[in-house]
Structures are given as structure tokens and as C-alpha cells.
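Heads up, work-v2.txt below (compact mmCIF, C-alpha atoms):
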```
# COMPACT_ATOMS: atom_id res chain seq x y z
CA MET A 1 14.37 -25.82 14.03
CA ARG A 2 10.62 -25.47 14.25
CA GLU A 3 9.80 -24.16 10.83
CA ASP A 4 6.41 -25.84 10.72
CA GLN A 5 3.18 -24.16 11.60
CA THR A 6 1.49 -27.41 12.54
CA ASP A 7 1.00 -28.65 16.05
CA ALA A 8 3.75 -31.23 15.90
CA ALA A 9 6.12 -29.70 18.43
CA PRO A 10 5.23 -29.44 22.10
CA GLU A 11 5.83 -25.67 21.99
CA SER A 12 3.51 -25.40 19.01
CA LEU A 13 0.78 -22.89 18.40
CA ASP A 14 -2.18 -24.53 20.02
CA GLY A 15 -3.30 -26.97 22.62
CA SER A 16 -0.41 -26.27 24.95
CA GLY A 17 -2.52 -24.34 27.41
CA ARG A 18 0.26 -21.77 27.52
CA THR A 19 -0.36 -18.26 26.34
CA SER A 20 3.31 -17.25 26.52
CA ARG A 21 4.52 -19.54 23.77
CA GLY A 22 4.90 -19.10 20.02
CA PHE A 23 2.83 -16.22 18.69
CA GLY A 24 2.19 -15.34 22.33
CA ARG A 25 5.72 -13.92 22.45
CA VAL A 26 4.72 -11.32 19.87
CA LEU A 27 1.34 -10.61 21.47
CA ILE A 28 2.97 -10.03 24.85
CA VAL A 29 5.44 -7.56 23.32
CA VAL A 30 2.51 -5.53 21.99
CA TYR A 31 0.73 -5.76 25.36
CA GLY A 32 3.95 -4.75 27.09
CA VAL A 33 4.29 -1.68 24.88
CA PHE A 34 0.76 -0.63 25.78
CA ALA A 35 1.29 -1.39 29.45
CA VAL A 36 4.37 0.83 29.55
CA SER A 37 2.95 3.64 27.41
CA ALA A 38 -0.44 3.67 29.17
CA PHE A 39 1.30 3.69 32.56
CA ALA A 40 3.65 6.49 31.49
CA ARG A 41 0.81 8.51 30.01
CA ALA A 42 -1.36 8.13 33.12
CA SER A 43 1.58 9.04 35.36
CA VAL A 44 2.31 12.22 33.42
CA GLN A 45 -1.37 13.20 33.37
CA ILE A 46 -1.94 12.57 37.06
CA LEU A 47 1.34 14.08 38.26
CA SER A 48 1.17 17.19 36.11
CA ASP A 49 -2.45 18.32 36.27
CA PHE A 50 -4.85 15.76 37.71
CA SER A 51 -7.47 18.38 38.63
CA GLU A 52 -7.85 19.37 35.00
CA ALA A 53 -9.65 16.17 33.97
CA PRO A 54 -9.91 13.76 36.92
CA ALA A 55 -12.36 11.40 35.18
CA ALA A 56 -10.31 11.00 32.01
CA TYR A 57 -7.05 10.71 33.92
CA SER A 58 -8.49 8.11 36.31
CA LEU A 59 -9.62 6.20 33.25
CA SER A 60 -6.08 6.41 31.87
CA ALA A 61 -4.74 4.93 35.09
CA PHE A 62 -7.37 2.18 35.03
CA ALA A 63 -6.47 1.31 31.43
CA ALA A 64 -2.81 1.16 32.43
CA VAL A 65 -3.59 -1.33 35.21
CA VAL A 66 -5.64 -3.46 32.81
CA TYR A 67 -2.78 -3.58 30.29
CA ILE A 68 -0.23 -4.40 32.99
CA VAL A 69 -2.37 -7.24 34.38
CA ALA A 70 -3.01 -8.60 30.87
CA THR A 71 0.70 -8.50 30.00
CA VAL A 72 1.83 -10.27 33.17
CA ALA A 73 -1.00 -12.83 33.06
CA LEU A 74 -0.32 -13.74 29.42
CA ALA A 75 3.41 -14.00 30.08
CA ARG A 76 2.88 -16.21 33.12
CA ASP A 77 0.27 -18.43 31.43
CA ASN A 78 -2.38 -17.35 33.92
CA ARG A 79 -5.30 -17.97 31.60
CA ARG A 80 -7.99 -16.92 34.04
CA ALA A 81 -6.46 -13.55 34.90
CA ALA A 82 -5.57 -12.99 31.24
CA THR A 83 -9.14 -13.69 30.12
CA THR A 84 -10.55 -11.32 32.74
CA ALA A 85 -8.12 -8.52 31.89
CA VAL A 86 -8.57 -8.84 28.13
CA LEU A 87 -12.38 -8.93 28.48
CA ILE A 88 -12.30 -5.76 30.60
CA GLU A 89 -10.00 -4.24 28.01
CA LEU A 90 -12.47 -5.06 25.21
CA ILE A 91 -15.43 -3.67 27.17
CA GLY A 92 -13.36 -0.62 28.09
CA VAL A 93 -12.34 0.27 24.57
CA LEU A 94 -15.91 -0.23 23.28
CA VAL A 95 -17.66 1.72 26.06
CA VAL A 96 -15.09 4.52 26.17
CA GLY A 97 -15.00 4.58 22.38
CA VAL A 98 -18.75 5.12 22.13
CA LEU A 99 -18.90 7.58 25.03
CA SER A 100 -15.97 9.64 23.79
CA LEU A 101 -17.65 10.11 20.43
CA ALA A 102 -21.21 10.53 21.73
CA ALA A 103 -20.40 12.81 24.68
CA SER A 104 -17.06 14.34 23.82
CA GLU A 105 -17.53 17.21 26.29
CA SER A 106 -17.24 14.77 29.20
CA PHE A 107 -13.90 13.61 27.77
CA PRO A 108 -11.89 16.81 27.69
CA ARG A 109 -8.66 14.82 27.52
CA ASP A 110 -7.80 11.77 25.51
CA THR A 111 -7.25 8.33 26.97
CA VAL A 112 -5.82 5.24 25.28
CA TRP A 113 -9.37 4.09 24.55
CA SER A 114 -10.86 7.37 23.33
CA ALA A 115 -12.41 7.14 19.86
CA PHE A 116 -11.70 3.39 19.87
CA GLY A 117 -7.96 4.01 20.19
CA ARG A 118 -7.68 6.19 17.10
CA GLY A 119 -4.64 7.96 18.56
CA TYR A 120 -2.89 4.59 18.66
CA GLY A 121 -3.77 3.42 15.17
CA TYR A 122 -6.81 1.53 16.49
CA VAL A 123 -4.46 -1.08 17.95
CA PRO A 124 -6.34 -0.85 21.32
CA LEU A 125 -9.49 -1.99 19.49
CA VAL A 126 -7.86 -4.91 17.68
CA LEU A 127 -5.62 -6.06 20.54
CA PRO A 128 -8.31 -7.50 22.89
CA VAL A 129 -9.90 -9.40 19.99
CA VAL A 130 -6.56 -10.95 19.08
CA GLY A 131 -5.91 -11.58 22.78
CA LEU A 132 -9.18 -13.44 23.29
CA TRP A 133 -8.61 -15.43 20.12
CA TRP A 134 -5.15 -16.38 21.32
CA ILE A 135 -6.35 -17.44 24.78
CA TRP A 136 -9.05 -19.54 23.12
CA HIS A 137 -6.59 -20.90 20.57
CA THR A 138 -4.17 -22.11 23.24
CA ARG A 139 -6.84 -23.68 25.43
CA PRO A 140 -5.71 -26.93 27.03
CA ARG A 141 -6.87 -29.96 25.16
CA THR A 142 -6.65 -33.56 26.14
CA GLY A 143 -5.45 -36.27 23.78
CA MET B 1 7.49 26.00 27.20
CA ARG B 2 9.58 28.76 25.63
CA SER B 3 10.01 28.50 21.92
CA GLY B 4 13.56 28.90 20.80
CA ALA B 5 15.84 28.10 17.93
CA VAL B 6 16.61 24.40 17.82
CA PRO B 7 20.36 24.01 17.48
CA SER B 8 21.80 22.03 14.59
CA PRO B 9 18.48 21.01 13.11
CA ILE B 10 20.21 19.53 10.07
CA VAL B 11 22.08 16.99 12.16
CA VAL B 12 18.96 16.00 14.05
CA ASP B 13 16.79 15.84 10.94
CA GLY B 14 19.38 13.66 9.22
CA LEU B 15 19.41 11.35 12.23
CA VAL B 16 15.64 11.17 12.35
CA VAL B 17 15.40 10.27 8.67
CA ALA B 18 18.15 7.67 9.00
CA LEU B 19 16.52 6.16 12.08
CA LEU B 20 13.07 6.03 10.50
CA ALA B 21 14.44 4.43 7.34
CA MET B 22 16.57 1.95 9.25
CA SER B 23 13.91 0.94 11.77
CA LEU B 24 11.26 0.41 9.11
CA LEU B 25 13.71 -1.50 6.91
CA ALA B 26 14.72 -3.66 9.88
CA ALA B 27 11.04 -4.27 10.67
CA LEU B 28 10.45 -5.35 7.08
CA VAL B 29 13.48 -7.64 6.89
CA LEU B 30 12.92 -9.26 10.30
CA GLY B 31 9.19 -9.56 9.66
CA ILE B 32 9.79 -11.32 6.35
CA GLU B 33 12.37 -13.63 7.90
CA GLY B 34 9.94 -14.48 10.69
CA ALA B 35 7.10 -15.04 8.24
CA ARG B 36 9.36 -17.41 6.31
CA GLY B 37 9.74 -19.44 9.48
CA LYS B 38 13.39 -18.68 10.14
CA ASP B 39 14.94 -19.12 13.55
CA PRO B 40 16.97 -16.17 14.87
CA LEU B 41 20.40 -16.02 13.23
CA TRP B 42 23.44 -13.92 14.05
CA TRP B 43 22.86 -11.52 11.19
CA HIS B 44 19.34 -10.87 12.49
CA LEU B 45 20.88 -9.83 15.78
CA GLY B 46 23.37 -7.71 13.80
CA VAL B 47 20.47 -5.78 12.24
CA VAL B 48 19.02 -5.17 15.71
CA ALA B 49 22.43 -4.16 17.08
CA ALA B 50 23.02 -1.70 14.23
CA LEU B 51 19.67 -0.03 14.88
CA GLU B 52 20.34 0.08 18.60
CA LEU B 53 23.73 1.70 17.93
CA LEU B 54 22.05 4.45 15.91
CA LEU B 55 19.53 4.91 18.73
CA VAL B 56 22.37 5.35 21.21
CA VAL B 57 23.90 7.96 18.87
CA GLN B 58 20.55 9.74 18.78
CA ALA B 59 20.28 9.69 22.57
CA VAL B 60 23.81 11.09 22.96
CA VAL B 61 23.16 13.81 20.37
CA ALA B 62 19.85 14.70 22.04
CA VAL B 63 21.41 14.90 25.52
CA VAL B 64 24.35 16.97 24.21
CA LEU B 65 21.94 19.36 22.47
CA LEU B 66 19.92 19.67 25.66
CA LEU B 67 23.02 20.32 27.77
CA GLU B 68 24.18 22.92 25.27
CA GLY B 69 20.98 24.80 25.84
CA GLY B 70 18.77 23.37 23.14
CA GLN B 71 15.17 24.05 23.98
CA ILE B 72 12.43 21.52 23.63
CA VAL B 73 9.17 23.14 22.63
CA GLY B 74 7.20 20.25 24.12
CA SER B 75 7.62 18.67 27.55
CA ALA B 76 11.22 17.86 28.48
CA GLY B 77 10.15 15.07 30.85
CA VAL B 78 8.10 13.35 28.17
CA PHE B 79 10.98 13.79 25.73
CA ILE B 80 13.41 12.07 28.10
CA ALA B 81 10.88 9.29 28.74
CA TYR B 82 10.54 8.64 25.01
CA LEU B 83 14.32 8.73 24.65
CA ILE B 84 14.69 6.04 27.33
CA GLY B 85 11.92 4.09 25.58
CA THR B 86 13.85 4.09 22.30
CA LEU B 87 16.92 2.71 24.09
CA LEU B 88 15.08 -0.05 25.98
CA ALA B 89 12.60 -1.29 23.36
CA LEU B 90 14.98 -3.50 21.37
CA PRO B 91 17.07 -5.00 24.24
CA LEU B 92 13.98 -5.90 26.27
CA THR B 93 12.23 -7.44 23.27
CA LEU B 94 15.39 -9.38 22.44
CA LEU B 95 15.67 -10.72 25.99
CA TRP B 96 12.02 -11.72 26.04
CA GLY B 97 12.05 -13.12 22.50
CA LEU B 98 15.15 -15.23 23.02
CA GLY B 99 13.47 -16.89 25.99
CA GLU B 100 12.00 -19.11 23.32
CA PRO B 101 14.05 -18.72 20.13
CA SER B 102 11.79 -19.21 17.14
CA ARG B 103 10.34 -17.40 14.16
CA TRP B 104 8.24 -15.48 16.64
CA THR B 105 11.38 -13.95 18.12
CA LEU B 106 11.94 -12.29 14.74
CA VAL B 107 8.32 -11.16 14.44
CA ALA B 108 8.49 -9.74 17.97
CA LEU B 109 11.67 -7.84 17.04
CA ALA B 110 9.97 -6.56 13.88
CA VAL B 111 7.14 -5.21 16.05
CA ALA B 112 9.70 -3.57 18.34
CA CYS B 113 11.32 -1.91 15.31
CA VAL B 114 7.95 -0.41 14.32
CA VAL B 115 7.54 0.82 17.90
CA VAL B 116 11.00 2.40 17.68
CA ALA B 117 9.98 4.19 14.47
CA VAL B 118 6.86 5.57 16.19
CA LEU B 119 8.89 6.67 19.21
CA VAL B 120 11.48 8.42 17.02
CA LEU B 121 8.69 10.21 15.17
CA ARG B 122 7.11 11.29 18.47
CA LEU B 123 10.52 12.45 19.77
CA ASP B 124 10.88 14.67 16.73
CA GLN B 125 7.35 16.04 17.24
CA ILE B 126 7.90 16.71 20.96
CA TRP B 127 11.16 18.50 20.20
CA ALA B 128 9.37 20.69 17.68
CA GLY B 129 6.37 21.11 19.96
CA VAL B 130 3.78 19.46 17.72
```

Rewrite the structure of this file - the entire thing - as C-alpha cells.
Amino acid sequence: MREDQTDAAPESLDGSGRTSRGFGRVLIVVYGVFAVSAFARASVQILSDFSEAPAAYSLSAFAAVVYIVATVALARDNRRAATTAVLIELIGVLVVGVLSLAASESFPRDTVWSAFGRGYGYVPLVLPVVGLWWIWHTRPRTG
Amino acid sequence: MRSGAVPSPIVVDGLVVALLAMSLLAALVLGIEGARGKDPLWWHLGVVAALELLLVVQAVVAVVLLLEGGQIVGSAGVFIAYLIGTLLALPLTLLWGLGEPSRWTLVALAVACVVVAVLVLRLDQIWAGV
């Protein structure tokens, strides 16, 4: 059906104002994977031994919430919420990335964002950039 | 936990290798088909179904081994969570992807296949206590 990459079809790549369409389907799968894994990781950390590293584990939970909000917002074409969540995600991975390398003793346990997401193949570092590009790419345009 | 002899490691290792090979091959094939702009076809779904079938086999084997007293060196809870993850990854991606059938459905499934490969690898590591 739609084998073209151009913006001929209404469901096409850009200008639709909808983040859930086209490539967005793939992006949301990746966000969903991180939402689930970050949530599961935070749950295990907090339920098993929260007192061991409360700061890192709280950060894990925060990251999980950010990924969940980003996933749902992108899937529901809520551009404003998606932009906010993805921006927080970008700031989070950069700040935590720097802090975890500069002051590793204050990060006794890993989070998704530690060392710029090295434990996750640096996907957490690339994902918000792709997310912001996609939100910008699908911005509503008139005419 | 306690470290013990893992029962029937040959069976499990064979399964792990087969699953890794099949999931990565499926990712490659579906990714190429998506990149070529193909819409989802029945044989694409067949590839996904075949991989899912092997994942179900793995889950059954893992549960049987556990019930027969096989000891996970890592955390049993995390192991079960990963096992459930391997079973749900493909069906959920398929449901979501088919909401708008296009080339991107295939790319999304290719991503899910890579995720399955990672999960299978982690399952193996947790079982061995890495």
C-alpha cells in the first residue's frame, strides 16, 4: 500500500501532528520496552532492598515514570506531554550520566541513566534525541 | 542464592542458541522487509509465530526445570519476570503494530525480536548467576 516515503498519504511521516503514526509506531515500541523494564527494575530495587541505596532507587523510579509518561503521551498524540517527558528524559540521562561518572561513590547502584545508559547499549542517550526529532518532525503544519 | 547443578544444561543451551539465532535472523529479515517498504504479509506473521512458539517451548522447559528442583543462581523473581517478558514482547508489538499496518509494523517487530534476543541472553545469565 504505502510504499512511498514521501508525504503523499495522510498517514505519512510528517505534518500530521500525530506522533503515533508511521515511524512513531517503532519509536513507541522502544519507549514501551524502556517503560516496562525501568518500572520492573525500580520495583525490584525498591521492594527488595530500598534502604541500601535510596537515592539511586528513587532515581530509578523517577526514570520509570518519565518513560511511562513519554510512551503514553507519544501513543496518544499528546505532543505537549510527550515533549515535556522527553526533555526531562534528555536532561536526566545527561545529568545522571555526568554525575555517575564524576561522583560514582554517590551512585552505589546503577540506574537506567547511569554512565549515559551504558548498561542499555546507550539507547537511553539516543532515545530522547530521536524522540525530540520525531515530535518536531510531526509538528502540525498548515497548507 | 544457593549454587547448584543446573539440570539438563545441554537442552537449555541448545534452546538458547536456537532462540538467539532465530530471533536475530527474524529481526534481520523483518527489518530488511520493512526497510524495503513492504506491508505486513502472512509469511512475516509466520516468522513471528515460529519465534513465539520457540519462546513458549523455552518457558515450558524453564518452568519444568524449576519444578523439578533446578536452582537458579540469580534471582528467581527476576528470572520469571524476564520469562514473562519474552512471552509478551512479540504479541504486544504485533497488536500495537497492526493498529496501523505498514512497513513500520515490520520494523517494530524487528525491534521486538532484538529485545527478545536480549531477554533470552539475560535469562541465560540470570540462570547461571552472572

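In this comparison, which uses only C-alpha atoms, the residue of B:Leu121, B:Leu51, B:Val17, B:Val78 approaching chain A most closely is B:Val78.
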
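Atom CA of Leu109 of chain B is positioned 12.1 Å from atom CA of Gly46 of chain B.
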
Report task. Select, from A:Ile28, A:Val65, A:Gly97, A:Val86, the residue with the minimum atom-to-atom distance to Gly119 of chain A, counting all atoms listed in the file. Result -> A:Gly97

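Between atom CA of Ile84 of chain B and atom CA of Val107 of chain B the separation is 22.4 Å.
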
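Each of B:Ala50, B:Met22, B:Ala128, B:Ala81 was checked against chain A using all atoms listed in the file; the smallest atom-to-atom distance is that of B:Ala81.
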
Query raised in the report: Mind listing as a PyMOL selection string which residues of chain B are within 10 Å of chain A, counting only C-alpha atoms?
Result: chain B and resi 34-39+77-78+81-82+85+89+92-93+96-112+115

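Using only C-alpha atoms, the smallest distance between any of B:Val114, B:Leu87, B:Val61, B:Val29 and Asp13 of chain B comes from B:Val61.
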
Just want the 9 Å neighbourhood of Leu20 of chain B, counted on all atoms listed in the file, with same-chain residues fewer than 2 positions away dropped. Output as an mmCIF file with C-alpha atoms, in the coordinates of the input.
```cif
data_model
loop_
_atom_site.group_PDB
_atom_site.id
_atom_site.type_symbol
_atom_site.label_atom_id
_atom_site.label_comp_id
_atom_site.auth_asym_id
_atom_site.auth_seq_id
_atom_site.Cartn_x
_atom_site.Cartn_y
_atom_site.Cartn_z
ATOM 1 C CA LEU B 15 19.410 11.350 12.230
ATOM 2 C CA VAL B 16 15.640 11.170 12.350
ATOM 3 C CA VAL B 17 15.400 10.270 8.670
ATOM 4 C CA ALA B 18 18.150 7.670 9.000
ATOM 5 C CA MET B 22 16.570 1.950 9.250
ATOM 6 C CA SER B 23 13.910 0.940 11.770
ATOM 7 C CA LEU B 24 11.260 0.410 9.110
ATOM 8 C CA LEU B 25 13.710 -1.500 6.910
ATOM 9 C CA VAL B 116 11.000 2.400 17.680
ATOM 10 C CA ALA B 117 9.980 4.190 14.470
ATOM 11 C CA VAL B 118 6.860 5.570 16.190
ATOM 12 C CA VAL B 120 11.480 8.420 17.020
ATOM 13 C CA LEU B 121 8.690 10.210 15.170
#
```

Query raised in the report: Could you pull the residues within 8 Å of Trp113 of chain A, counting all atoms listed in the file, minus those fewer than 5 positions along the same chain, as number ranges by chain?
Result: A: 63, 92-94, 96-97, 118, 124-125
